[in-house]
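Beneath this line is the structure, given in structure tokens, with notes to follow.
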Amino acid sequence: MTHPNRRPLIAGNWKMHKTVSESVALARAIADTRIGPRTDVVVAPVFTALSSVRAALEGTAVALSAQNLHWEAQGAFTGEVSAAMLVDVGCRFVIIGHSERRQLFGETDDGVAKKTRAARAAGLVPIVCVGETLSEREAGITFDVIGRQLDAMLAVLDEKALATTVVAYEPVWAIGTGKTAKASDAQLAHAFLRDRAKNKLGDGGDTLRILYGGSVKADNAAELLAQPDIDGALVGGASLDAEGFGRIIRAAG
Ligand code: PEP
């Protein structure tokens, strides 16, 4: 289980699913599940549901996240939402650089760095996603890829910031596919990321929470979460069902 300096964090990424009323119902059901006193729980609904879900989560142990943001504060950026706007609607977290954004919407390491800086400046906790594709894994360059993606984020942080920043290691081949990384392989990647953060920014890397993501389910969560450098999970599909997501939450402690 995770280092005493790091609270486990279970985050649900609802992607482009659910209407406002469906999101509110799911948020209520998740807030009603038993959550261990040391576990942080976050849900990331679609933008249109953020305000209503915030109201539904008032006074509960579940925090609100957005799935994306723009790095500028305001302006002529049609379709975008700024960090301050996310704070205004009640978000405490924001997912940045999800592989779907990188692959389908052309997000770059540079954009991820700008978004990370903007999120932190507004007081949001960024959940920055890194991960290799299947071809990169097969080519033996997993650590080059995730090292490069991590460095882009580390370049805009200092040691102290690591305690309020989250990384999600999400091998792209495991997202939404039902394939999960072996717990021992995931641990190797997490240890690599933590060592790199420590080498670049100092021992504050021990406070950096690194989540695993990629087909996490109630029946594989415990083994993944038992790894020393896996501090929680970023959950897609399985976070859309309160009962299953609740079981993942309880696997964290
Ligand atoms: C994700 O969206 O970040 C994710 C890991 O999805 P899934 O759990 O469905 O693989």
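Residue numbering restarts at 1 in every chain; chains get A, B, ... in the order shown in the structure tokens, and ligands count up from 1 in that same order.
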
>> Show me, as a PyMOL selection string, the residues that have an atom within 7 Å of region 153-160 of chain A when counting only C-alpha atoms, minus same-chain residues fewer than 5 positions from it.
In response: chain A and resi 112-113+116-117+201-202+204

Would you mind listing, for every residue of chain A within 7 Å of ligand 1, the two atoms forming the shortest contact and the distance between them in Å to one decimal, using only C-alpha atoms and all ligand atoms, sorted by chain and ascending residue number, as a Markdown table?
| residue | atom | partner | partner_atom_place_in_ligand_line | distance |
| --- | --- | --- | --- | --- |
| A:Asn13 | CA | ligand 1 | 2 (O) | 5.5 |
| A:Lys15 | CA | ligand 1 | 2 (O) | 6.7 |
| A:His98 | CA | ligand 1 | 3 (O) | 6.7 |
| A:Glu170 | CA | ligand 1 | 5 (C) | 6.3 |
| A:Ala174 | CA | ligand 1 | 10 (O) | 5.9 |
| A:Ile175 | CA | ligand 1 | 10 (O) | 3.3 |
| A:Gly176 | CA | ligand 1 | 10 (O) | 3.6 |
| A:Thr177 | CA | ligand 1 | 10 (O) | 6.2 |
| A:Gly178 | CA | ligand 1 | 10 (O) | 6.8 |
| A:Gly213 | CA | ligand 1 | 5 (C) | 4.1 |
| A:Gly214 | CA | ligand 1 | 5 (C) | 3.8 |
| A:Ser215 | CA | ligand 1 | 10 (O) | 3.5 |
| A:Val216 | CA | ligand 1 | 8 (O) | 5.2 |
| A:Leu234 | CA | ligand 1 | 3 (O) | 5.4 |
| A:Val235 | CA | ligand 1 | 8 (O) | 4.1 |
| A:Gly236 | CA | ligand 1 | 6 (O) | 3.3 |
| A:Gly237 | CA | ligand 1 | 9 (O) | 3.7 |
| A:Ala238 | CA | ligand 1 | 8 (O) | 6.0 |

>> Please identify the alpha helix (DSSP H) residues within region 56-204 of chain A (assignment by DSSP from backbone atoms) and present them as number ranges by chain.
In response: A: 56-57, 83-88, 99-104, 109-121, 134-138, 142-154, 183-201

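Shortest atom-to-atom contact with Ala221 (chain A) among A:Ala44, A:Ala252, A:Val167, A:Ile96: A:Ala252, counting only C-alpha atoms.
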
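Compared by their closest atoms to Ser51 (chain A), and using only C-alpha atoms, the residues A:Val24, A:Leu69, A:Ile146, A:Ala183 rank with A:Val24 nearest.
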
> Got a sec to tell me which of region 60-205 of chain A DSSP assigns to strand (DSSP E or B), as a PyMOL selection string?
Replying inline: chain A and resi 62-66+70+82+93-96+125-130+166-169

>> Just the number, please: distance in Å from CA of Glu100 (chain A) to CA of Glu138 (chain A), one decimal.
In response: 20.0 Å

>> Taking only C-alpha atoms into account, name the residue in A:Glu72, A:Gly123, A:Arg54, A:Ala118 that is nearest to Val87 (chain A).
In response: A:Gly123

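The two atoms in question, CA of Thr180 (chain A) and CA of Ala168 (chain A), are spaced 14.2 Å apart.
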
>> What's around Leu9 (chain A) at 12 Å? Count only C-alpha atoms, leave out sequence neighbours fewer than 3 positions away in its own chain, and write the answer as JSON, numbers by chain.
In response: {"A": [2, 6, 12, 35, 36, 37, 38, 39, 40, 41, 42, 43, 61, 62, 63, 93, 127, 164, 165, 166, 167, 168, 208, 209, 210, 211, 212, 213, 225, 230, 231, 232, 233, 234, 235, 248, 249, 250, 251, 252, 253]}

>> Please list as a VMD selection string every residue within 9 Å of region 81-86 of chain A, counting only C-alpha atoms and excluding residues in the same chain fewer than 4 positions away.
In response: chain A and resid 47 50 65 to 66 68 to 74 77 90 to 94 115 118 to 124

> Hey, what's within 9 Å of Val20 (chain A) if we count only C-alpha atoms and toss same-chain stuff fewer than 2 positions away? As a VMD selection string, please?
Replying inline: chain A and resid 18 22 to 25 45 to 46 48 to 50 52 to 53

Expected file contents, prior selection, N, CA and C atoms, as a PDB file, in the first residue's frame:
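out31.pdb written:
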ATOM      1  N   LYS A  18     -23.418  10.601 -19.951  1.00  0.00           N
ATOM      2  CA  LYS A  18     -24.441  11.009 -18.983  1.00  0.00           C
ATOM      3  C   LYS A  18     -24.936  12.446 -19.160  1.00  0.00           C
ATOM      4  N   GLU A  22     -28.676  12.302 -15.060  1.00  0.00           N
ATOM      5  CA  GLU A  22     -27.982  11.013 -14.850  1.00  0.00           C
ATOM      6  C   GLU A  22     -26.687  11.220 -14.052  1.00  0.00           C
ATOM      7  N   SER A  23     -25.992  12.313 -14.338  1.00  0.00           N
ATOM      8  CA  SER A  23     -24.738  12.599 -13.622  1.00  0.00           C
ATOM      9  C   SER A  23     -25.002  12.853 -12.144  1.00  0.00           C
ATOM     10  N   VAL A  24     -26.062  13.607 -11.878  1.00  0.00           N
ATOM     11  CA  VAL A  24     -26.421  13.907 -10.476  1.00  0.00           C
ATOM     12  C   VAL A  24     -26.757  12.606  -9.743  1.00  0.00           C
ATOM     13  N   ALA A  25     -27.525  11.744 -10.390  1.00  0.00           N
ATOM     14  CA  ALA A  25     -27.906  10.483  -9.743  1.00  0.00           C
ATOM     15  C   ALA A  25     -26.660   9.626  -9.458  1.00  0.00           C
ATOM     16  N   PRO A  45     -17.324  14.652 -14.257  1.00  0.00           N
ATOM     17  CA  PRO A  45     -18.446  14.608 -15.217  1.00  0.00           C
ATOM     18  C   PRO A  45     -18.140  15.494 -16.435  1.00  0.00           C
ATOM     19  N   VAL A  46     -19.059  15.470 -17.411  1.00  0.00           N
ATOM     20  CA  VAL A  46     -18.946  16.391 -18.555  1.00  0.00           C
ATOM     21  C   VAL A  46     -19.132  17.828 -18.061  1.00  0.00           C
ATOM     22  N   THR A  48     -21.111  20.151 -18.905  1.00  0.00           N
ATOM     23  CA  THR A  48     -22.484  20.623 -18.726  1.00  0.00           C
ATOM     24  C   THR A  48     -23.097  20.176 -17.394  1.00  0.00           C
ATOM     25  N   ALA A  49     -22.509  19.148 -16.782  1.00  0.00           N
ATOM     26  CA  ALA A  49     -23.069  18.628 -15.528  1.00  0.00           C
ATOM     27  C   ALA A  49     -22.312  19.127 -14.299  1.00  0.00           C
ATOM     28  N   LEU A  50     -21.225  19.874 -14.493  1.00  0.00           N
ATOM     29  CA  LEU A  50     -20.378  20.235 -13.343  1.00  0.00           C
ATOM     30  C   LEU A  50     -21.161  20.986 -12.269  1.00  0.00           C
ATOM     31  N   SER A  52     -24.405  21.162 -11.528  1.00  0.00           N
ATOM     32  CA  SER A  52     -25.405  20.362 -10.798  1.00  0.00           C
ATOM     33  C   SER A  52     -24.743  19.292  -9.942  1.00  0.00           C
ATOM     34  N   VAL A  53     -23.670  18.698 -10.438  1.00  0.00           N
ATOM     35  CA  VAL A  53     -22.987  17.668  -9.639  1.00  0.00           C
ATOM     36  C   VAL A  53     -22.323  18.314  -8.417  1.00  0.00           C
TER      37      VAL A  53
END

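Using only C-alpha atoms, the smallest distance between any of A:Lys200, A:Lys114, A:Arg194, A:Arg137 and Pro171 (chain A) comes from A:Arg137.
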